[in-house]
Structure formats: structure tokens, C-alpha cells
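Asks: Below are the C-alpha cells for one structure; questions will follow.
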Amino acid sequence: MMGSRASAERAHTTVPTHSDKMSLPLSRSEVFGQLRKELHDDTAFHQSDVHIFIIMGASGDLAKKKIYPTLWWLFRDGLLPEQTYFVGFARSDLTVDAIRIACMPYMKVVDNEAERLAAFFSRNSYISGKYVEESSFSDLNTHLLSLPGGAEANRLFYLALPPSVYHDVTKNIKHQCMSTKGWNRVIVEKPFGRDLQSSEELSSHLSSLFTEEQIYRIDHYLGKEMVQNLMVLRFGNRIFGPIWNRDSVACVVLTFKEPFGTQGRGGYFDDFGIIRDVMQNHLLQMLSLVAMEKPASTSSDDVRDEKVKVLKCIEPVTLSDVVLGQYVGDPDGEGEAKLGYLDDKTVPKGSTQATFATAVLYVKNERWDGVPFILRCGKALNERKAEVRLQFTDVPGDIFSSQCRRNELVVRVQPNEAIYAKMMSKKPGVYFSPEETELDLTYHSRYRDVKLPDAYERLILDVFCGSQMHFVRSDELREAWRIFTPLLHQIESEKTPPIKYKYGSRGPAEADELVQKVGFRYEGTYKWVNPHKL
Ligand code: BG6
């Protein structure tokens, strides 16, 4: 056994932070080597235990593009317990070789890794079966037991599956495939339902089969370096604490932008739309990390308790605080940019699904009352960017003839991870006027040789370690749906027409007007440029 949850969490929290290595940049394998050593130093972590990682939906897109490549990287870097086996399960009649060929384009294998890669695939096997048939799962179980040490092995089930088969698969896992000697953990991917009711149904189904400690709901934004850094930044520094509230913060903006459209995935996307795809999960998770109170400790449940409390203070979003958009082709654009959302052949004709949304939320508690939290997300926009931006209030008692701009603290999640604070400084030279500049922590220059792990690498490693801090708990999920469900139902029943915006633009101008109306000040006088770019 890998040990109790508490000890596994201890192992997690001892993971070295990259900041430790500021003066001594470490390579990727060194960083991981240290992480692994620290995890294994924990007496409760028995590296000798056998682990079996089962990929349900092994023939699908997610498995091919994300899960197999991530398992390969973890295996390659020696981060997984030595005796780990990987078992794919899906309906298709496949071989491990066919899986290897399908995954190769995404695995980033370099020349001298052939032997390691062969070792990885020698640990792989594949079973085909029907998701609805218990007998298929009984066959799977026989196979799991037949692996070396299989009878004692810990089992991790990754559900890379369409929601339509979740019910049957989880039931069949529970009835046929649970390890009786090792532990069992089940990793689930969004969508976790479509609204409060369907999500509650799924949650109660899962909780009838597994304990909350066995369920790992992935929101991959929680595996991103800068999202994880929000807690350290807030609670590991003295300077931010006293100003992190309604007295000093004018508004908080959480942004997700992608410069491409649905790229043929429109059929899937149209069922969900941008609010379910990004806002209700990724952006709301970032909001809760920005707004929560300091947890009693860094244990998973203490952290998630605080996140839930914040969500409980948010009232359901109303349509008057929302701008919806849908992209149209840009006749002057190139390639895909010429095509609008409705030109995607997989999108139903005349769909009113939103590909862009801006929403304003308020956290009604003592710290944040009245401060707008602006959530903005969209596809086919002018840039790729995810960031958290706190805009501070004006300096009271101005003595610089209105030349000062508001301070901002920006945590740039991607691309090009950075933390920077926009501030005023004396214009250098003979002048005595203020000028906008920034305090800048750009990761690529500060931690030049540190390769940050992919979000999925961290999260899958966390599942092995038994740390649930970066996974969504059922009560968090419930609150998230409570906040968005009335809006989603209204939009769907009224078929609220989204505002058209051009592919490659900033989105509808009405969204900018909304954020200005609620208090975000955009001067347009300043644009952050990466000062370290060669
Ligand atoms: C996914 C959404 O959850 O996140 C996608 O379903 C989106 O639509 C993706 O493209 C963005 O993830 P990342 O890590 O590329 O920012």
C-alpha cells in the first residue's frame, strides 16, 4: 500500500518548489528525480508496491493525445513506482502496437529513448470489451489478476470516456474490478453533468459506488504551475495579504482566450458551449483560489473547505451581467479564420451556442463585497492567454495631476508564465513625473532551465500519491453548478442570440463595455512586453 491519505499528502507537500532552485537551475529529470526521492523518502510510500493504471476508453482521442503520452513521460522520467503496469480497455479490437502507433505523434520521443520506450510498451496490455457488459469487466479483472503481483496491486482507473457510458462503466468497475488487497482510485474527466441536476445525479451515482477519497475529478487548470502558485503567492508573502480585499482591489479579471475556433470539434462543443467548457470549471476554480480565505493547513480538505466557502458566497449569475458571443469568419483572414462557428459542418444549423462569454460575479462576504469578479473566455480570439488580474483602486489624494494609472497584479498562467505588478515609477532622468512600469517575474528568464511539467503529469502523479488538493470535491462541483445553472437554462430556453464577433478579434465590444461599466479601468496606455525576449 502506498499509505494513508494523510501521509500521502505529507509526501505531496514536501515536493521541492522550483523557487528553491532559483540560483541553481535544474533540468527536468533532476527536478523530477528530487520529487521522486522526496516522495519515496516518505516511509508510507512503498515504491515496491505494484500499481496498475487502467485506461478506460483507450482507443479515444483523450487517451491517445493526453493520457498515454503523460504516462510515458512519467515512466520515462522514473517518476512512477517501479512496478507499474498499464492496461487499456475499450470496445475496439486493438493491439498495444496499434495504440503505440496512434499515440506516437503526441509522445515527443527523442532518438535515444527507443529502449525506454520499448520498456514502457512492454508494461502495456490491452483488453477489448463492452462497457455495458459485466462479463467484459470480469475478463478485465482476470487479466489484472494475471499481471505480476496483480492480486495485491493498487488500481487506478482513468475514465477517458463519453459521459453516456459513465454509469455502466463505474458500476461494472465496482462490481468486477476492485482490488481487494490494494487501494482503488477512479479518475474522472469533465463534463460532470450538464447542470446542477444532472451533475447531482452523477455525483450520487458515483458516491453510491466509491468513497470521496477514491474519486479524483480532474480540472486540468488545477495542475498548472501558475494556478498552483496562487496559494503560495497569497499566503507565503506578507506584502499581498493586507491589500487582498475590497479596500484595495477594484476588480478581479480572470481571462481565458484561444486564437482558434472549434476546428471540427464543433459537434461536441455545441452540446456544451463556452460557459460549460471553460467558465464554470477552469475560470471558477481560479476565482476560488484568488478569493478564498487562508486554509488551516495545506491539506487537501482544508484547502477545498475554503474554496467551497467562497463559492457559497456567490449568487447565481444573471443574464444582465453576461455578454455572449459567437464568432463569424473573417473574410480577410487566412485558412480557418475565414470560417465562422456556423460554417463548422459538425455544428447544427443556426445554433445559438456561445463561443465567447463575459460574466460578472460577486462574492458576498466581508472581504469581497461589491468587488466585481469578471470572467472572460472565448474561442477564435486575437491571442492565446490565460491570466488572473487584480486591478487595485486609485491612490487616494492624488498629487500627480491624474498622471498615475492603477496598479495591477497579473499572474499569467499561459503562455509564458509570469507574475508582474504594474506600477508607477519616476520617469528616469531629469524628470519628476510618474511613468508606468512593472515588477517582473518572468519564469523563462528567472528559472531559465527549469522545464515545467504538464498539468496532467502533476495531476496523475498526485493520484498515485493520494493527494486530492488539486482535484474537485463533490461539494465544490455542486456550488459551481448552482452558480451557473439558472443562466444556462435561461439561455437555452430563450435561445438568447449571441453577439457576432469576428474570428481573431477581441470578442464583442459589448463585453468591454460591460467590464468598464462594473469598474475595470482600461487605459490602453500600457502593454506588457516581455523584456527578456532575445
Ligand atoms: C479544455 C476545454 O478543458 O481546456 C477546451 O474543453 C480548451 O475547449 C482546453 O481548449 C484548454 O486547455 P489548455 O490547457 O490548452 O489551456
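Each chain of the C-alpha cells is named A, B, ... in the order shown, its residues numbered from 1; ligands are numbered from 1 in display order.
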Neighbouring residues of ligand 1 are defined here as those with any atom at most 10 Å from a ligand atom, counting only C-alpha atoms and all ligand atoms; list them as JSON, numbers by chain.
Replies: {"A": [189, 190, 191, 218, 219, 220, 221, 223, 224, 256, 257, 258, 259, 260, 261, 262, 265, 268, 269, 272, 273, 274, 276, 277, 278, 279, 281, 282, 355, 378, 379, 384, 385, 386, 413, 414, 415, 454, 455, 456]}
Asks: So which residues of range 322-402 of chain A fall under strand (DSSP E or B) by DSSP, listed as a PyMOL selection string?
Replies: chain A and resi 322-328+356-363+372-378+381+385-392
Asks: Looking at only C-alpha atoms, which of A:Ile99, A:Ala153, A:Leu196, A:Val371 is the one that sits closest to Asp247 in chain A?
Replies: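 So, comparing all the options, the nearest one is A:Val371.
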Asks: Which residues are close to range 337-345 of chain A, i.e. within 6 Å by only C-alpha atoms, leaving aside same-chain residues fewer than 4 positions away? Reply as a VMD selection string.
Replies: chain A and resid 327 to 331 333 503
Asks: Report, in Å to a single decimal, how far apart CA of Leu233 in chain A and CA of Gln391 in chain A are.
Replies: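 That distance, rounded to one decimal, is 16.2 Å.
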